[in-house]
Every structure is written in structure tokens, then in C-alpha cells.
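Reviewing the structure listed below.
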Amino acid sequence: MLFDTHAHMDDRAFNADRDALLMGLKEKGVGLVMNPGCSLESSRNAVALAEKYDFVYAAVGSHPDAADEVNESVLEEYRKLCKLSDKVKAIGEIGIDYHYEDIPRDLQLKAFRSQMELARELQLPVIVHEREAHEDGMAVVKEFPDVTGVFHCYSGSAEMARQLVDLGWYIGFTGVLTFKNARKAVETAGSIPLERIVLETDCPYMAPEPFRGKRNDPGYIFRMAEKLAEIRGLSVEEIHHITTENGKRLYRI
């Protein structure tokens, strides 16, 4: 069985067939799904989904694109959601994204730090979204040596990944790993300890080859497993077992 460690099943892209898709995952070899929130609203929806399905777990947090909503009231709502449901296993998706910069950098960093502080308080791992902000991302991580988790949809260098692993972090790989131009992702996946790798779809985005351009869903996670098996010279079955156990250890499931 595989563990999709990052899937946005609460996204409106699944409104028409969400239940049917989730109910069919075990037949496709997917036994566990982590659904992180991206805002207060989506975090509430993620928790509701996790409460409905025994194999779905949730994380709560505000994505960098929603950093402007983060205040004490929102943090208190996240705190309550974590305490009310044992299906909430992490704070996320949080972080910084300098690609578009619709939200000012200082606001993103403030929201990132405040949610890292919440994770430290609640002793939960975090799910970090970091895009084109490697230096600042590492700086914040080092400010919180007692908080670890996963850098999801990893886009940094192999060297930075090794630094994160040394600090106790996991590295998440999406369908990007299967893309023809994914040199950095392949290099990183081949050079870090296998026990620190988790697989994710980040659905409904970034479907793997040969499904690129289609709506992504957890049923496509097998392609990332196949590619990782190829990179590491292991059987697909070994990758299934190792990465699932890694995800369970990361989220204390």
C-alpha cells in the first residue's frame, strides 16, 4: 500500500466525484492520504474529510498565498482544531513563496514563523511549502531547531536537502520527479537517505507523466514510486513499503 503524503482532496476540483474517488483508492493500492489545509477554510474542510474517512488524515495551516489571513484569532482556530481531532497530525501547509510575491515577503515570513511557533507549542511536525526562497526558508528552519517535518514538493538543491535531512527533516517528491527535465529532483532523490523520502501527488496539481496536464489524484502516486524505484535500483514493492513507513513515522500514525 502507498501513502499519498500531500493531497488536496478538499479542493473544488473534486466536488463532483470526491467520495467515489476516495472510496476507490484502496483498489488502486493507496492506503493512506494526508490532506493539508491551505487556509482557515480549507483546514476546516480537511479536518472534516479526515473525520469522515478512517484512512485520511489532516493538517491545518495557512499557505504563503494566504499569509495575510494569519493573526491570533486564526492561530487560535488552528489550535482548537488540533486539540479537538486526533486526525490532525501536522501544521501545514505553511512556508514562503517568492515566485509571484502577491503577498509581501515580510508578511509571509511573519505568518511562517507564527505557525512554526504553534507547531512547537503543540509538538507537531510541519508541512513546508518553499518556492524560490531557499535562503530564507533555511534561515527560518534554523530558528526552530526543535520543529521538523517535511519540505513538500521539494525544489531545492541536493546539498540543501542533505542539510535538511541532517536537521531531522523529510523531503517530499511529487510528479515532478517523473518529468523529463527534472534533473535536480532526480539528483536529490538519488542522493539522500531513502528513509527520509516521502511521496506525494499535491493533487489536483502536477500530475505525473504520462498523465501530465490531467487532473491529478492519489491514484497516480504509483508513478512516483515507480520512478523512485528506478532511481534507487530497488523493486517497486520495496519503495511502496519504505515510503509508506516513512510517511507514517513522519506523521506519527
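Within each chain, counting starts at residue 1; across the C-alpha cells, chains are named A, B, ... in the order shown, with ligands numbered 1 upward in that order.
DSSP on the backbone gives strand (DSSP E or B) for these parts of range 126-235 of chain A: A:Val126, A:Ile127, A:Val128, A:His129, A:Glu130, A:Arg131, A:Gly149, A:Val150, A:Phe151, A:Tyr170, A:Ile171, A:Gly172, A:Phe173, A:Ile197, A:Val198, A:Leu199, A:Cys203.
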Keeping only N, CA and C atoms, write the selected residues as a PDB file, in the first residue's frame.
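Produced file out10.pdb, reproduced below:
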```pdb
ATOM      1  N   VAL A 126       5.627  19.890  10.808  1.00  0.00           N
ATOM      2  CA  VAL A 126       5.105  20.882   9.883  1.00  0.00           C
ATOM      3  C   VAL A 126       5.263  20.414   8.441  1.00  0.00           C
ATOM      4  N   ILE A 127       4.393  20.940   7.592  1.00  0.00           N
ATOM      5  CA  ILE A 127       4.483  20.716   6.143  1.00  0.00           C
ATOM      6  C   ILE A 127       4.839  22.052   5.521  1.00  0.00           C
ATOM      7  N   VAL A 128       6.038  22.139   4.957  1.00  0.00           N
ATOM      8  CA  VAL A 128       6.555  23.417   4.459  1.00  0.00           C
ATOM      9  C   VAL A 128       6.492  23.492   2.942  1.00  0.00           C
ATOM     10  N   HIS A 129       5.904  24.580   2.473  1.00  0.00           N
ATOM     11  CA  HIS A 129       5.918  24.956   1.061  1.00  0.00           C
ATOM     12  C   HIS A 129       6.979  26.046   0.923  1.00  0.00           C
ATOM     13  N   GLU A 130       8.003  25.769   0.127  1.00  0.00           N
ATOM     14  CA  GLU A 130       9.074  26.763  -0.072  1.00  0.00           C
ATOM     15  C   GLU A 130       9.402  26.810  -1.553  1.00  0.00           C
ATOM     16  N   ARG A 131       9.231  27.976  -2.154  1.00  0.00           N
ATOM     17  CA  ARG A 131       9.466  28.131  -3.593  1.00  0.00           C
ATOM     18  C   ARG A 131      10.258  29.395  -3.850  1.00  0.00           C
ATOM     19  N   GLY A 149       9.723  18.386  10.111  1.00  0.00           N
ATOM     20  CA  GLY A 149       8.591  17.947   9.318  1.00  0.00           C
ATOM     21  C   GLY A 149       9.062  17.590   7.928  1.00  0.00           C
ATOM     22  N   VAL A 150       8.360  18.101   6.918  1.00  0.00           N
ATOM     23  CA  VAL A 150       8.690  17.784   5.532  1.00  0.00           C
ATOM     24  C   VAL A 150       8.699  19.044   4.686  1.00  0.00           C
ATOM     25  N   PHE A 151       9.697  19.162   3.816  1.00  0.00           N
ATOM     26  CA  PHE A 151       9.681  20.152   2.748  1.00  0.00           C
ATOM     27  C   PHE A 151       8.986  19.473   1.581  1.00  0.00           C
ATOM     28  N   TYR A 170      12.203  15.542   6.532  1.00  0.00           N
ATOM     29  CA  TYR A 170      11.888  14.660   5.413  1.00  0.00           C
ATOM     30  C   TYR A 170      11.770  15.502   4.147  1.00  0.00           C
ATOM     31  N   ILE A 171      11.929  14.843   2.997  1.00  0.00           N
ATOM     32  CA  ILE A 171      11.834  15.504   1.695  1.00  0.00           C
ATOM     33  C   ILE A 171      10.713  14.840   0.897  1.00  0.00           C
ATOM     34  N   GLY A 172       9.773  15.660   0.396  1.00  0.00           N
ATOM     35  CA  GLY A 172       8.643  15.142  -0.363  1.00  0.00           C
ATOM     36  C   GLY A 172       8.813  15.346  -1.858  1.00  0.00           C
ATOM     37  N   PHE A 173       8.541  14.284  -2.624  1.00  0.00           N
ATOM     38  CA  PHE A 173       8.648  14.345  -4.087  1.00  0.00           C
ATOM     39  C   PHE A 173       7.284  14.123  -4.728  1.00  0.00           C
ATOM     40  N   ILE A 197      12.634   9.994   2.581  1.00  0.00           N
ATOM     41  CA  ILE A 197      11.873  10.355   1.393  1.00  0.00           C
ATOM     42  C   ILE A 197      10.411   9.957   1.561  1.00  0.00           C
ATOM     43  N   VAL A 198       9.504  10.885   1.250  1.00  0.00           N
ATOM     44  CA  VAL A 198       8.081  10.569   1.181  1.00  0.00           C
ATOM     45  C   VAL A 198       7.566  10.967  -0.199  1.00  0.00           C
ATOM     46  N   LEU A 199       6.495  10.301  -0.624  1.00  0.00           N
ATOM     47  CA  LEU A 199       5.912  10.539  -1.944  1.00  0.00           C
ATOM     48  C   LEU A 199       4.571  11.248  -1.800  1.00  0.00           C
ATOM     49  N   CYS A 203      -2.104  16.747  -5.438  1.00  0.00           N
ATOM     50  CA  CYS A 203      -3.275  16.856  -6.304  1.00  0.00           C
ATOM     51  C   CYS A 203      -4.223  17.950  -5.792  1.00  0.00           C
TER      52      CYS A 203
END
```
Write out, as CSV, each residue of range 68-166 of chain A that has an atom at most 8 Å from range 179-187 of chain A, together with the closest pair of atoms and their distance in Å to one decimal, counting only C-alpha atoms, rows going by chain and rising number.
```
residue,atom,partner,partner_atom,distance
A:Tyr154,CA,A:Ala185,CA,7.5
A:Ser155,CA,A:Ala185,CA,6.9
A:Gly156,CA,A:Lys184,CA,7.6
A:Ser157,CA,A:Lys184,CA,6.5
A:Ala158,CA,A:Glu187,CA,6.5
```
Per-residue DSSP, range 29-149 of chain A, filtered to alpha helix (DSSP H), as a ChimeraX atom specification: /A:40-52,72-84,105-122,134-143
Within 10 Å of range 116-121 of chain A, counting only C-alpha atoms, which residues show up once you throw out same-chain ones fewer than 6 positions away? Write them as number ranges by chain, please. A: 61, 75-76, 78-79, 90-92, 94-95, 110, 127-128, 140-141, 143-149
Using N, CA and C atoms, can you write the selected residues to a file as a PDB file, in the first residue's frame?
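Written output follows (part.pdb):
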```pdb
ATOM      1  N   GLY A  61      -3.316  24.811   8.506  1.00  0.00           N
ATOM      2  CA  GLY A  61      -2.365  25.904   8.365  1.00  0.00           C
ATOM      3  C   GLY A  61      -2.695  26.787   7.183  1.00  0.00           C
ATOM      4  N   LEU A  75      -4.819  31.626  14.422  1.00  0.00           N
ATOM      5  CA  LEU A  75      -3.944  30.676  15.116  1.00  0.00           C
ATOM      6  C   LEU A  75      -4.696  29.942  16.223  1.00  0.00           C
ATOM      7  N   GLU A  76      -5.591  30.641  16.900  1.00  0.00           N
ATOM      8  CA  GLU A  76      -6.391  30.007  17.950  1.00  0.00           C
ATOM      9  C   GLU A  76      -7.341  28.972  17.342  1.00  0.00           C
ATOM     10  N   TYR A  78      -6.709  27.212  14.648  1.00  0.00           N
ATOM     11  CA  TYR A  78      -5.868  26.055  14.342  1.00  0.00           C
ATOM     12  C   TYR A  78      -5.556  25.262  15.611  1.00  0.00           C
ATOM     13  N   ARG A  79      -5.284  25.965  16.672  1.00  0.00           N
ATOM     14  CA  ARG A  79      -5.000  25.329  17.962  1.00  0.00           C
ATOM     15  C   ARG A  79      -6.196  24.456  18.390  1.00  0.00           C
ATOM     16  N   ALA A  90      -0.411  17.450  11.760  1.00  0.00           N
ATOM     17  CA  ALA A  90       0.658  18.397  11.427  1.00  0.00           C
ATOM     18  C   ALA A  90       0.093  19.801  11.280  1.00  0.00           C
ATOM     19  N   ILE A  91       1.010  20.769  11.279  1.00  0.00           N
ATOM     20  CA  ILE A  91       0.686  22.150  10.934  1.00  0.00           C
ATOM     21  C   ILE A  91       1.154  22.363   9.492  1.00  0.00           C
ATOM     22  N   GLY A  92       0.238  22.723   8.619  1.00  0.00           N
ATOM     23  CA  GLY A  92       0.621  22.908   7.230  1.00  0.00           C
ATOM     24  C   GLY A  92      -0.592  22.978   6.322  1.00  0.00           C
ATOM     25  N   ILE A  94       2.385  25.418   5.300  1.00  0.00           N
ATOM     26  CA  ILE A  94       2.882  26.742   5.653  1.00  0.00           C
ATOM     27  C   ILE A  94       4.199  26.985   4.918  1.00  0.00           C
ATOM     28  N   GLY A  95       4.692  28.227   4.969  1.00  0.00           N
ATOM     29  CA  GLY A  95       6.001  28.462   4.362  1.00  0.00           C
ATOM     30  C   GLY A  95       6.112  29.814   3.690  1.00  0.00           C
ATOM     31  N   LYS A 110       6.399  36.473   8.555  1.00  0.00           N
ATOM     32  CA  LYS A 110       5.731  36.596   9.851  1.00  0.00           C
ATOM     33  C   LYS A 110       4.741  35.448  10.060  1.00  0.00           C
ATOM     34  N   ILE A 127       4.393  20.940   7.592  1.00  0.00           N
ATOM     35  CA  ILE A 127       4.483  20.716   6.143  1.00  0.00           C
ATOM     36  C   ILE A 127       4.839  22.052   5.521  1.00  0.00           C
ATOM     37  N   VAL A 128       6.038  22.139   4.957  1.00  0.00           N
ATOM     38  CA  VAL A 128       6.555  23.417   4.459  1.00  0.00           C
ATOM     39  C   VAL A 128       6.492  23.492   2.942  1.00  0.00           C
ATOM     40  N   VAL A 140      14.688  30.310   8.567  1.00  0.00           N
ATOM     41  CA  VAL A 140      13.575  30.112   9.495  1.00  0.00           C
ATOM     42  C   VAL A 140      13.658  28.734  10.144  1.00  0.00           C
ATOM     43  N   VAL A 141      13.965  27.732   9.357  1.00  0.00           N
ATOM     44  CA  VAL A 141      14.106  26.368   9.893  1.00  0.00           C
ATOM     45  C   VAL A 141      15.124  26.342  11.029  1.00  0.00           C
ATOM     46  N   GLU A 143      15.916  28.700  12.980  1.00  0.00           N
ATOM     47  CA  GLU A 143      15.420  29.422  14.151  1.00  0.00           C
ATOM     48  C   GLU A 143      14.604  28.509  15.073  1.00  0.00           C
ATOM     49  N   PHE A 144      14.136  27.373  14.514  1.00  0.00           N
ATOM     50  CA  PHE A 144      13.271  26.459  15.254  1.00  0.00           C
ATOM     51  C   PHE A 144      13.861  25.047  15.218  1.00  0.00           C
ATOM     52  N   PRO A 145      14.991  24.847  15.889  1.00  0.00           N
ATOM     53  CA  PRO A 145      15.655  23.541  15.816  1.00  0.00           C
ATOM     54  C   PRO A 145      14.846  22.395  16.400  1.00  0.00           C
ATOM     55  N   ASP A 146      13.832  22.705  17.222  1.00  0.00           N
ATOM     56  CA  ASP A 146      13.003  21.663  17.816  1.00  0.00           C
ATOM     57  C   ASP A 146      11.735  21.391  17.017  1.00  0.00           C
ATOM     58  N   VAL A 147      11.616  22.014  15.838  1.00  0.00           N
ATOM     59  CA  VAL A 147      10.477  21.756  14.948  1.00  0.00           C
ATOM     60  C   VAL A 147      11.005  21.157  13.653  1.00  0.00           C
ATOM     61  N   THR A 148      10.463  20.021  13.263  1.00  0.00           N
ATOM     62  CA  THR A 148      10.831  19.398  11.993  1.00  0.00           C
ATOM     63  C   THR A 148       9.553  18.962  11.271  1.00  0.00           C
ATOM     64  N   GLY A 149       9.723  18.386  10.111  1.00  0.00           N
ATOM     65  CA  GLY A 149       8.591  17.947   9.318  1.00  0.00           C
ATOM     66  C   GLY A 149       9.062  17.590   7.928  1.00  0.00           C
TER      67      GLY A 149
END
```
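Here CA of His240 in chain A and CA of Asn35 in chain A stand 19.2 Å from one another.
Residues with any atom within 10 Å of Thr243 in chain A, counting only C-alpha atoms and excluding same-chain neighbours fewer than 5 positions away, are Met1, Leu2, Phe3, Asp4, Thr5, Leu194, Glu195, Arg196, Ile197, Val198, Leu199, Ala225, Leu228, Glu238, Lys248 and Arg249 of chain A.
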Of the candidates A:Lys142, A:His152, A:Lys89, A:Arg162, which one gets nearest to Gly175 in chain A if we count only C-alpha atoms? A:His152
